[in-house]
Structure formats: C-alpha cells, structure tokens
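> This is query_0.cif (mmCIF, C-alpha atoms and all ligand atoms).
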data_entry
loop_
_atom_site.group_PDB
_atom_site.id
_atom_site.type_symbol
_atom_site.label_atom_id
_atom_site.label_comp_id
_atom_site.auth_asym_id
_atom_site.auth_seq_id
_atom_site.Cartn_x
_atom_site.Cartn_y
_atom_site.Cartn_z
ATOM 1 C CA MET A 1 -48.261 51.602 9.854
ATOM 2 C CA GLY A 2 -51.347 51.979 12.031
ATOM 3 C CA TYR A 3 -51.317 52.470 15.787
ATOM 4 C CA ASN A 4 -51.854 49.006 17.257
ATOM 5 C CA VAL A 5 -53.290 47.997 20.620
ATOM 6 C CA ALA A 6 -53.277 44.268 21.459
ATOM 7 C CA ILE A 7 -55.592 42.802 24.098
ATOM 8 C CA ASP A 8 -55.198 39.152 25.006
ATOM 9 C CA GLY A 9 -56.754 37.079 27.734
ATOM 10 C CA PRO A 10 -58.918 34.076 28.559
ATOM 11 C CA ALA A 11 -62.574 33.513 27.625
ATOM 12 C CA GLY A 12 -64.985 35.769 29.488
ATOM 13 C CA ALA A 13 -62.414 38.297 30.715
ATOM 14 C CA GLY A 14 -64.421 41.069 29.031
ATOM 15 C CA LYS A 15 -61.993 41.702 26.195
ATOM 16 C CA SER A 16 -64.575 42.473 23.528
ATOM 17 C CA THR A 17 -66.762 44.714 25.715
ATOM 18 C CA ILE A 18 -63.741 46.705 26.841
ATOM 19 C CA ALA A 19 -62.008 46.814 23.459
ATOM 20 C CA LYS A 20 -65.172 48.128 21.783
ATOM 21 C CA LEU A 21 -65.446 50.953 24.328
ATOM 22 C CA VAL A 22 -61.759 51.882 24.075
ATOM 23 C CA ALA A 23 -62.118 51.857 20.273
ATOM 24 C CA GLU A 24 -65.028 54.316 20.485
ATOM 25 C CA LYS A 25 -63.204 56.559 22.921
ATOM 26 C CA LYS A 26 -59.984 56.663 20.927
ATOM 27 C CA GLY A 27 -61.313 56.385 17.380
ATOM 28 C CA TYR A 28 -59.668 53.029 16.650
ATOM 29 C CA ILE A 29 -61.182 50.183 14.698
ATOM 30 C CA TYR A 30 -62.066 47.213 16.873
ATOM 31 C CA VAL A 31 -60.968 43.861 15.473
ATOM 32 C CA ASP A 32 -62.407 40.792 17.188
ATOM 33 C CA THR A 33 -60.151 37.922 16.084
ATOM 34 C CA GLY A 34 -62.211 35.388 18.064
ATOM 35 C CA ALA A 35 -65.070 36.191 15.662
ATOM 36 C CA MET A 36 -62.849 35.216 12.722
ATOM 37 C CA TYR A 37 -62.020 31.864 14.341
ATOM 38 C CA ARG A 38 -65.708 31.420 15.131
ATOM 39 C CA GLY A 39 -66.545 32.131 11.473
ATOM 40 C CA LEU A 40 -64.231 29.332 10.362
ATOM 41 C CA ALA A 41 -65.689 26.984 12.996
ATOM 42 C CA ILE A 42 -69.179 27.602 11.576
ATOM 43 C CA HIS A 43 -67.863 26.577 8.170
ATOM 44 C CA PHE A 44 -66.604 23.263 9.637
ATOM 45 C CA LEU A 45 -69.825 22.675 11.602
ATOM 46 C CA ASP A 46 -71.968 23.325 8.525
ATOM 47 C CA LYS A 47 -69.957 20.718 6.648
ATOM 48 C CA GLY A 48 -70.636 18.208 9.430
ATOM 49 C CA ILE A 49 -66.950 17.980 10.357
ATOM 50 C CA GLN A 50 -65.918 17.034 13.906
ATOM 51 C CA ALA A 51 -63.115 19.017 15.540
ATOM 52 C CA GLU A 52 -61.066 15.819 15.897
ATOM 53 C CA GLU A 53 -61.058 15.237 12.107
ATOM 54 C CA THR A 54 -57.940 17.326 11.576
ATOM 55 C CA GLU A 55 -57.383 16.395 7.918
ATOM 56 C CA LYS A 56 -60.966 17.320 7.017
ATOM 57 C CA VAL A 57 -60.657 20.612 8.897
ATOM 58 C CA ILE A 58 -57.465 21.447 6.990
ATOM 59 C CA GLU A 59 -59.102 20.547 3.667
ATOM 60 C CA ALA A 60 -62.178 22.618 4.517
ATOM 61 C CA CYS A 61 -59.995 25.690 5.187
ATOM 62 C CA LYS A 62 -59.390 25.843 1.430
ATOM 63 C CA ASP A 63 -62.935 26.824 0.546
ATOM 64 C CA ALA A 64 -63.608 29.092 3.500
ATOM 65 C CA ASP A 65 -63.591 32.814 2.859
ATOM 66 C CA VAL A 66 -63.983 34.752 6.109
ATOM 67 C CA LYS A 67 -64.398 38.492 5.712
ATOM 68 C CA ILE A 68 -64.783 41.254 8.235
ATOM 69 C CA GLN A 69 -66.836 44.277 7.330
ATOM 70 C CA TYR A 70 -67.878 47.316 9.346
ATOM 71 C CA GLU A 71 -71.497 48.348 8.998
ATOM 72 C CA ASN A 72 -72.755 51.310 11.047
ATOM 73 C CA GLY A 73 -69.623 51.000 13.150
ATOM 74 C CA THR A 74 -70.195 47.351 14.088
ATOM 75 C CA GLN A 75 -68.184 44.384 12.943
ATOM 76 C CA GLN A 76 -70.002 41.934 10.684
ATOM 77 C CA VAL A 77 -68.525 38.579 9.762
ATOM 78 C CA TYR A 78 -69.191 37.023 6.370
ATOM 79 C CA LEU A 79 -68.529 33.394 5.532
ATOM 80 C CA ASN A 80 -68.441 32.763 1.795
ATOM 81 C CA GLY A 81 -70.632 35.788 1.238
ATOM 82 C CA THR A 82 -73.235 35.055 3.944
ATOM 83 C CA ASN A 83 -73.496 37.237 7.034
ATOM 84 C CA ILE A 84 -73.089 34.810 9.955
ATOM 85 C CA THR A 85 -72.671 37.385 12.724
ATOM 86 C CA GLY A 86 -75.848 36.206 14.509
ATOM 87 C CA ARG A 87 -74.479 32.683 14.953
ATOM 88 C CA LEU A 88 -71.041 33.580 16.290
ATOM 89 C CA ARG A 89 -71.843 33.401 20.011
ATOM 90 C CA ASP A 90 -73.680 30.033 20.009
ATOM 91 C CA GLU A 91 -72.238 27.705 22.680
ATOM 92 C CA ALA A 92 -71.628 24.922 20.129
ATOM 93 C CA VAL A 93 -69.688 27.350 17.959
ATOM 94 C CA GLY A 94 -67.551 28.468 20.936
ATOM 95 C CA LYS A 95 -66.591 24.896 21.779
ATOM 96 C CA MET A 96 -65.827 23.974 18.170
ATOM 97 C CA THR A 97 -63.752 27.151 17.803
ATOM 98 C CA SER A 98 -61.569 26.444 20.825
ATOM 99 C CA LYS A 99 -60.927 22.900 19.575
ATOM 100 C CA CYS A 100 -60.190 23.855 15.939
ATOM 101 C CA SER A 101 -57.988 26.823 16.768
ATOM 102 C CA VAL A 102 -55.256 24.452 18.000
ATOM 103 C CA ILE A 103 -54.661 23.390 14.369
ATOM 104 C CA PRO A 104 -51.754 25.390 12.891
ATOM 105 C CA LYS A 105 -53.321 25.552 9.378
ATOM 106 C CA VAL A 106 -56.439 27.137 10.856
ATOM 107 C CA ARG A 107 -54.305 29.806 12.537
ATOM 108 C CA GLU A 108 -52.239 30.375 9.392
ATOM 109 C CA LYS A 109 -55.413 30.970 7.411
ATOM 110 C CA LEU A 110 -56.334 33.985 9.572
ATOM 111 C CA LEU A 111 -52.926 35.447 10.332
ATOM 112 C CA ASP A 112 -52.501 37.534 7.157
ATOM 113 C CA LEU A 113 -56.040 38.855 7.373
ATOM 114 C CA GLN A 114 -55.374 40.052 10.942
ATOM 115 C CA ARG A 115 -52.020 41.611 10.099
ATOM 116 C CA ASP A 116 -53.421 43.346 7.009
ATOM 117 C CA LEU A 117 -56.141 44.984 9.078
ATOM 118 C CA ALA A 118 -53.537 46.353 11.508
ATOM 119 C CA ARG A 119 -51.060 47.499 8.885
ATOM 120 C CA THR A 120 -52.953 50.442 7.529
ATOM 121 C CA GLN A 121 -55.368 51.416 10.278
ATOM 122 C CA ASP A 122 -55.362 52.257 13.979
ATOM 123 C CA VAL A 123 -56.773 49.140 15.580
ATOM 124 C CA ILE A 124 -57.472 47.608 18.934
ATOM 125 C CA MET A 125 -57.378 43.875 18.331
ATOM 126 C CA ASP A 126 -58.400 41.243 20.845
ATOM 127 C CA GLY A 127 -57.676 37.525 20.963
ATOM 128 C CA ARG A 128 -55.301 35.024 22.517
ATOM 129 C CA ASP A 129 -52.029 35.541 20.641
ATOM 130 C CA ILE A 130 -52.158 39.123 19.422
ATOM 131 C CA GLY A 131 -49.342 40.515 21.578
ATOM 132 C CA THR A 132 -47.230 37.376 21.296
ATOM 133 C CA CYS A 133 -47.655 36.332 17.625
ATOM 134 C CA VAL A 134 -49.940 38.414 15.427
ATOM 135 C CA LEU A 135 -48.665 41.909 16.331
ATOM 136 C CA PRO A 136 -45.487 41.420 18.361
ATOM 137 C CA GLY A 137 -44.560 45.067 17.705
ATOM 138 C CA ALA A 138 -47.903 46.468 18.942
ATOM 139 C CA ASP A 139 -47.677 49.925 20.526
ATOM 140 C CA VAL A 140 -49.668 48.840 23.593
ATOM 141 C CA LYS A 141 -50.183 45.308 24.904
ATOM 142 C CA VAL A 142 -52.633 44.323 27.599
ATOM 143 C CA TYR A 143 -53.282 40.943 29.187
ATOM 144 C CA LEU A 144 -56.808 41.155 30.539
ATOM 145 C CA THR A 145 -57.934 38.462 32.933
ATOM 146 C CA ALA A 146 -60.376 37.753 35.782
ATOM 147 C CA SER A 147 -60.987 34.838 38.145
ATOM 148 C CA VAL A 148 -62.842 31.777 36.811
ATOM 149 C CA GLU A 149 -65.713 32.505 39.242
ATOM 150 C CA THR A 150 -66.104 36.075 37.971
ATOM 151 C CA ARG A 151 -65.946 35.027 34.335
ATOM 152 C CA ALA A 152 -68.469 32.213 34.843
ATOM 153 C CA LYS A 153 -70.878 34.549 36.645
ATOM 154 C CA ARG A 154 -70.638 37.136 33.844
ATOM 155 C CA ARG A 155 -71.408 34.494 31.217
ATOM 156 C CA TYR A 156 -74.256 33.136 33.347
ATOM 157 C CA ASP A 157 -75.821 36.603 33.672
ATOM 158 C CA GLU A 158 -75.420 37.187 29.929
ATOM 159 C CA LEU A 159 -77.206 33.910 29.057
ATOM 160 C CA MET A 160 -79.956 34.454 31.639
ATOM 161 C CA ALA A 161 -80.571 37.944 30.242
ATOM 162 C CA LYS A 162 -81.092 36.321 26.831
ATOM 163 C CA GLY A 163 -83.593 33.949 28.446
ATOM 164 C CA GLU A 164 -81.392 30.871 27.953
ATOM 165 C CA ARG A 165 -81.408 28.122 30.583
ATOM 166 C CA CYS A 166 -77.947 27.479 31.989
ATOM 167 C CA ASP A 167 -76.033 26.136 34.953
ATOM 168 C CA LEU A 168 -73.314 28.145 36.696
ATOM 169 C CA ASP A 169 -71.160 25.115 37.588
ATOM 170 C CA GLU A 170 -71.316 23.814 34.051
ATOM 171 C CA ILE A 171 -70.282 27.207 32.661
ATOM 172 C CA ALA A 172 -67.332 27.326 35.102
ATOM 173 C CA ARG A 173 -66.296 23.825 33.998
ATOM 174 C CA ASP A 174 -66.452 24.833 30.319
ATOM 175 C CA ILE A 175 -64.387 27.958 31.000
ATOM 176 C CA LYS A 176 -61.687 25.950 32.785
ATOM 177 C CA GLU A 177 -61.593 23.450 29.930
ATOM 178 C CA ARG A 178 -61.305 26.204 27.353
ATOM 179 C CA ASP A 179 -58.572 27.996 29.337
ATOM 180 C CA PHE A 180 -56.599 24.776 29.527
ATOM 181 C CA ARG A 181 -56.903 24.142 25.786
ATOM 182 C CA ASP A 182 -56.095 27.751 24.820
ATOM 183 C CA MET A 183 -53.084 27.928 27.172
ATOM 184 C CA ASN A 184 -51.593 24.540 26.428
ATOM 185 C CA ARG A 185 -51.824 24.188 22.664
ATOM 186 C CA GLU A 186 -48.559 23.970 20.779
ATOM 187 C CA THR A 187 -49.103 26.787 18.299
ATOM 188 C CA ALA A 188 -49.592 30.318 19.615
ATOM 189 C CA PRO A 189 -50.899 29.408 23.086
ATOM 190 C CA LEU A 190 -52.579 32.010 25.249
ATOM 191 C CA LYS A 191 -49.976 33.640 27.459
ATOM 192 C CA LYS A 192 -49.052 37.087 28.618
ATOM 193 C CA ALA A 193 -46.489 38.776 26.353
ATOM 194 C CA GLU A 194 -43.467 39.820 28.398
ATOM 195 C CA ASP A 195 -44.125 43.475 27.666
ATOM 196 C CA ALA A 196 -47.899 43.316 28.222
ATOM 197 C CA VAL A 197 -49.574 45.156 31.089
ATOM 198 C CA LEU A 198 -51.539 42.741 33.291
ATOM 199 C CA ILE A 199 -55.043 43.862 34.276
ATOM 200 C CA ASP A 200 -57.205 41.675 36.507
ATOM 201 C CA SER A 201 -60.769 42.917 36.098
ATOM 202 C CA SER A 202 -62.323 40.690 38.817
ATOM 203 C CA ASP A 203 -62.965 43.628 41.132
ATOM 204 C CA MET A 204 -63.083 46.426 38.587
ATOM 205 C CA THR A 205 -66.027 48.066 36.829
ATOM 206 C CA ILE A 206 -66.131 48.229 33.046
ATOM 207 C CA GLU A 207 -65.449 51.980 33.229
ATOM 208 C CA GLU A 208 -62.380 51.431 35.403
ATOM 209 C CA VAL A 209 -60.919 48.920 32.967
ATOM 210 C CA VAL A 210 -61.643 51.174 29.978
ATOM 211 C CA GLU A 211 -59.939 54.100 31.749
ATOM 212 C CA ALA A 212 -56.924 51.959 32.659
ATOM 213 C CA ILE A 213 -56.417 50.808 29.067
ATOM 214 C CA ALA A 214 -57.219 54.164 27.454
ATOM 215 C CA GLY A 215 -54.626 55.673 29.795
ATOM 216 C CA LEU A 216 -51.945 53.451 28.263
ATOM 217 C CA CYS A 217 -52.802 54.548 24.704
ATOM 218 C CA ARG A 218 -51.833 57.719 22.901
HETATM 219 O O1 LIG A 301 -62.509 35.319 22.122
HETATM 220 P P1 LIG A 301 -63.503 34.220 21.752
HETATM 221 O O2 LIG A 301 -64.197 33.595 22.919
HETATM 222 O O3 LIG A 301 -64.452 34.673 20.685
HETATM 223 O O4 LIG A 301 -62.593 33.046 21.088
HETATM 224 C C1 LIG A 301 -63.127 31.804 20.746
HETATM 225 C C2 LIG A 301 -61.998 30.795 20.598
HETATM 226 O O5 LIG A 301 -61.167 31.160 19.497
HETATM 227 C C3 LIG A 301 -61.066 30.679 21.787
HETATM 228 O O6 LIG A 301 -61.451 29.635 22.662
HETATM 229 C C4 LIG A 301 -59.702 30.413 21.196
HETATM 230 C C5 LIG A 301 -59.817 30.886 19.775
HETATM 231 N N1 LIG A 301 -59.015 32.083 19.491
HETATM 232 C C6 LIG A 301 -57.679 31.899 19.250
HETATM 233 O O7 LIG A 301 -57.189 30.774 19.318
HETATM 234 N N2 LIG A 301 -56.893 32.969 18.913
HETATM 235 C C7 LIG A 301 -57.407 34.198 18.858
HETATM 236 N N3 LIG A 301 -56.619 35.233 18.518
HETATM 237 C C8 LIG A 301 -58.781 34.406 19.131
HETATM 238 C C9 LIG A 301 -59.559 33.332 19.460
#
As structure tokens, please, write out the structure in this file.

Amino acid sequence: MGYNVAIDGPAGAGKSTIAKLVAEKKGYIYVDTGAMYRGLAIHFLDKGIQAEETEKVIEACKDADVKIQYENGTQQVYLNGTNITGRLRDEAVGKMTSKCSVIPKVREKLLDLQRDLARTQDVIMDGRDIGTCVLPGADVKVYLTASVETRAKRRYDELMAKGERCDLDEIARDIKERDFRDMNRETAPLKKAEDAVLIDSSDMTIEEVVEAIAGLCR
C-alpha cells in the first residue's frame, strides 16, 4: 500500500498548485482527479452531448478511455489515445465537468482508476471526494479552502495573465454556482472528512500552505 495524502476543497482553493509542490518536496506522485473528470467531459462535449442528457452521458462513458501518464514529471491526460492536456482548463470544459460529475456512473467510471494509482505508489491526490470516498483510509487528509472573493481574484489574475478577457463578478458567480453543485449533489458531494485538517488559505502564501501540509506528512 502506498502512502496516501488526500486534498479536497472547492474550485480555486489552490489544491493543484499546492499538491504539486508538496509532491515535489516529498517525492510523491501528484494525481489530479479533476483532470480525469475534465477528460471525460471533453469526450461528452466532442460528441455534442449536453450535460442534461444523462442517458447519453452514461452511454458515452462506455467508449471513453481516460488515461493518466507522467511525462517529464508532469501529468498528461489521454482520451482514447489523444493527449488532451491542453484543453483541460477551458472554461466550457470546467462547467461541463461540474455538471456531469453529479452522475453516479461518471464517478464510478473513474473510481477504480484513482484507487489503483494510490494502491501501489505514494500519492498526493486532489479532488472533491478523496478523503470521504476514494481513499477513506488516507494517511493524511486536508480540506483546503479560501473565501469566494479570494478564489475569484486568483482565477481572474490567472486568466488575465493568459491574456483572456474576463469579468471578476462573473467569475465569482460561476464559482458560487460550482460550489453549490459540488456540495449538494447526491453522490460523493464535496465536504470535509471528519478526520481532515481544515486549512483556509485566504490569507496565506503558497509557501505557508505547502509548509503546513508537508508538516502533516511523513
Ligand atoms: O478540481 P477541478 O476544478 O479540476 O474539478 C472540476 C470539476 O470536477 C469540479 O467542479 C467537480 C468535479 N470533480 C469531482 O466531482 N470529483 C473530484 N474528485 C474532482 C473533480
């Protein structure tokens, strides 16, 4: 059994940035489960399926093969043999992902893949339900959050740096919508595991958060 660190929290809390840095520091493999859900969402989008068409989404799961590979230390996501890593962060993909991930069959499809990765290797895995559902026996569990304002501002800065036009209020609205959907779905909703350590990163630097989490790990 590998050493397992679970990081859950809402969109924009900085989970992936932090988890990548902790992984480097500790020599763990970073597993971004959101990227797997995003990979599946791209499959549905490419087939022209709407998130509301549940039966079509379930059917489309059958011919989706999402694979995670590590190339030069970075995670690459393949969908039916094509590297789709560059498309994962598109806004349309994020919205579709949040909507489709409420469907139990979609979650089932990725569960074994996530557990297999954690079984044999030391991993730090981030997502929404890692500490509660995917790896309930994880050695360390963290619930990483930040205020909506902080998360919206971070996303805004990220998009502006990429030269994309965006609106801070609209981003904040999207974040609230996504939080609501992720926290209120029936299957594996986002919530803090009872034994998770709560970290609010609103007033912390990246280094401070990395130190706090690394300090919990062996
Ligand atoms: O972490 P992220 O922004 O890449 O996740 C995108 C969406 O995927 C998120 O809105 C909810 C879903 N997701 C999930 O339901 N369970 C996970 N373990 C990871 C992501």
> Could the residues that lie within 7 Å of ligand LIG 301 (chain A), counting all atoms listed in the file, be listed as an NGL selection string?
:A and (11-12 or 33-35 or 37-38 or 94 or 97-98 or 101-102 or 126-130 or 178 or 182)
> Please save C-alpha atoms of the selected residues as a PDB file, keeping the file's coordinate frame.

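Saved file selection.pdb follows:
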ATOM      1  CA  ALA A  11     -62.574  33.513  27.625  1.00  0.00           C
ATOM      2  CA  GLY A  12     -64.985  35.769  29.488  1.00  0.00           C
ATOM      3  CA  THR A  33     -60.151  37.922  16.084  1.00  0.00           C
ATOM      4  CA  GLY A  34     -62.211  35.388  18.064  1.00  0.00           C
ATOM      5  CA  ALA A  35     -65.070  36.191  15.662  1.00  0.00           C
ATOM      6  CA  TYR A  37     -62.020  31.864  14.341  1.00  0.00           C
ATOM      7  CA  ARG A  38     -65.708  31.420  15.131  1.00  0.00           C
ATOM      8  CA  GLY A  94     -67.551  28.468  20.936  1.00  0.00           C
ATOM      9  CA  THR A  97     -63.752  27.151  17.803  1.00  0.00           C
ATOM     10  CA  SER A  98     -61.569  26.444  20.825  1.00  0.00           C
ATOM     11  CA  SER A 101     -57.988  26.823  16.768  1.00  0.00           C
ATOM     12  CA  VAL A 102     -55.256  24.452  18.000  1.00  0.00           C
ATOM     13  CA  ASP A 126     -58.400  41.243  20.845  1.00  0.00           C
ATOM     14  CA  GLY A 127     -57.676  37.525  20.963  1.00  0.00           C
ATOM     15  CA  ARG A 128     -55.301  35.024  22.517  1.00  0.00           C
ATOM     16  CA  ASP A 129     -52.029  35.541  20.641  1.00  0.00           C
ATOM     17  CA  ILE A 130     -52.158  39.123  19.422  1.00  0.00           C
ATOM     18  CA  ARG A 178     -61.305  26.204  27.353  1.00  0.00           C
ATOM     19  CA  ASP A 182     -56.095  27.751  24.820  1.00  0.00           C
TER      20      ASP A 182
END
> For this file, the PyMOL selection byres (((chain A and resi 75-91) around 9) and not hetatm) selects which residues, as a CSV table (one decimal) with C-alpha atoms, in the frame of the given file?

chain,number,residue,atom,x,y,z
A,30,TYR,CA,-62.1,47.2,16.9
A,31,VAL,CA,-61.0,43.9,15.5
A,32,ASP,CA,-62.4,40.8,17.2
A,35,ALA,CA,-65.1,36.2,15.7
A,36,MET,CA,-62.8,35.2,12.7
A,38,ARG,CA,-65.7,31.4,15.1
A,39,GLY,CA,-66.5,32.1,11.5
A,40,LEU,CA,-64.2,29.3,10.4
A,42,ILE,CA,-69.2,27.6,11.6
A,43,HIS,CA,-67.9,26.6,8.2
A,63,ASP,CA,-62.9,26.8,0.5
A,64,ALA,CA,-63.6,29.1,3.5
A,65,ASP,CA,-63.6,32.8,2.9
A,66,VAL,CA,-64.0,34.8,6.1
A,67,LYS,CA,-64.4,38.5,5.7
A,68,ILE,CA,-64.8,41.3,8.2
A,69,GLN,CA,-66.8,44.3,7.3
A,70,TYR,CA,-67.9,47.3,9.3
A,71,GLU,CA,-71.5,48.3,9.0
A,72,ASN,CA,-72.8,51.3,11.0
A,73,GLY,CA,-69.6,51.0,13.2
A,74,THR,CA,-70.2,47.4,14.1
A,92,ALA,CA,-71.6,24.9,20.1
A,93,VAL,CA,-69.7,27.4,18.0
A,94,GLY,CA,-67.6,28.5,20.9
A,95,LYS,CA,-66.6,24.9,21.8
A,96,MET,CA,-65.8,24.0,18.2
> Which residues are near Glu170 of chain A? Cut-off 12 Å, only C-alpha atoms, ignore same chain within fewer than 5 positions. Put them as a list in words.
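Residues meeting the cut-off are Val148, Glu149, Ala152, Lys153, Arg155, Tyr156, Arg165, Ile175, Lys176 and Glu177 of chain A.
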> For a test of reading the model, state the distance in Å between atom CA of Tyr143 of chain A and atom CA of Ile58 of chain A, rounded to one decimal.
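So the answer is 29.8 Å.
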> Could you give me, as a list of chain:residue names, the residues that have an atom at most 8 Å away from the point (-63.7, 47.3, 30.7) in the coordinates of the file, using all atoms listed in the file?
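Within 8 Å of (-63.7, 47.3, 30.7), the protein and nucleic acid residues are A:Gly14, A:Lys15, A:Thr17, A:Ile18, A:Ala19, A:Leu21, A:Ser201, A:Met204, A:Thr205, A:Ile206, A:Glu207, A:Glu208, A:Val209, A:Val210, A:Glu211.
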> For the residues selected in the previous step, produce a file with C-alpha atoms as a short mmCIF file (atom, residue, chain, number, x, y, z; two decimals), in the frame of the given file.

data_model
loop_
_atom_site.label_atom_id
_atom_site.label_comp_id
_atom_site.auth_asym_id
_atom_site.auth_seq_id
_atom_site.Cartn_x
_atom_site.Cartn_y
_atom_site.Cartn_z
CA GLY A 14 -64.42 41.07 29.03
CA LYS A 15 -61.99 41.70 26.20
CA THR A 17 -66.76 44.71 25.72
CA ILE A 18 -63.74 46.70 26.84
CA ALA A 19 -62.01 46.81 23.46
CA LEU A 21 -65.45 50.95 24.33
CA SER A 201 -60.77 42.92 36.10
CA MET A 204 -63.08 46.43 38.59
CA THR A 205 -66.03 48.07 36.83
CA ILE A 206 -66.13 48.23 33.05
CA GLU A 207 -65.45 51.98 33.23
CA GLU A 208 -62.38 51.43 35.40
CA VAL A 209 -60.92 48.92 32.97
CA VAL A 210 -61.64 51.17 29.98
CA GLU A 211 -59.94 54.10 31.75
#
> Calculated over only C-alpha atoms, which of the candidates A:Lys162, A:Arg181, A:Lys192, A:Lys99 has the smallest distance to Gln50 of chain A?
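Smallest separation from Gln50 of chain A among the options: A:Lys99.
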> For the structure shown, which residues end up in the PyMOL selection byres (((chain A and resi 135) around 10) and not hetatm)? Put them as a PyMOL selection string, please?
chain A and resi 4-6+111+114-115+118-119+125+129-134+136-139+141
> So how many Å separate atom CA of Leu168 of chain A and atom CA of Phe44 of chain A, to one decimal?
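Between these atoms lies a distance of 28.3 Å.
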> In Å, rounded to a single decimal, give me how far atom CA of Ile49 of chain A is from atom CA of Lys109 of chain A.
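Separation between atom CA of Lys109 of chain A and atom CA of Ile49 of chain A: 17.6 Å.
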> Would you please work out which residue, of A:Pro104, A:Pro10, A:Gly215, A:Gly2, is nearest to Ala146 of chain A when using all atoms listed in the file?
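The shortest atom-to-atom distance to Ala146 of chain A comes from A:Pro10.
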> Using only C-alpha atoms, which of A:Ala41, A:Leu144, A:Met1, A:Ala212 sits nearest Leu190 of chain A?
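Going through A:Ala41, A:Leu144, A:Met1, A:Ala212 one by one, the smallest distance to Leu190 of chain A is for A:Leu144.
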> Quick one: of A:Val57, A:Met183, A:Glu194, A:Thr150, who's nearest to Leu45 of chain A, counting all atoms listed in the file?
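For Leu45 of chain A, the nearest of the candidates is A:Val57.
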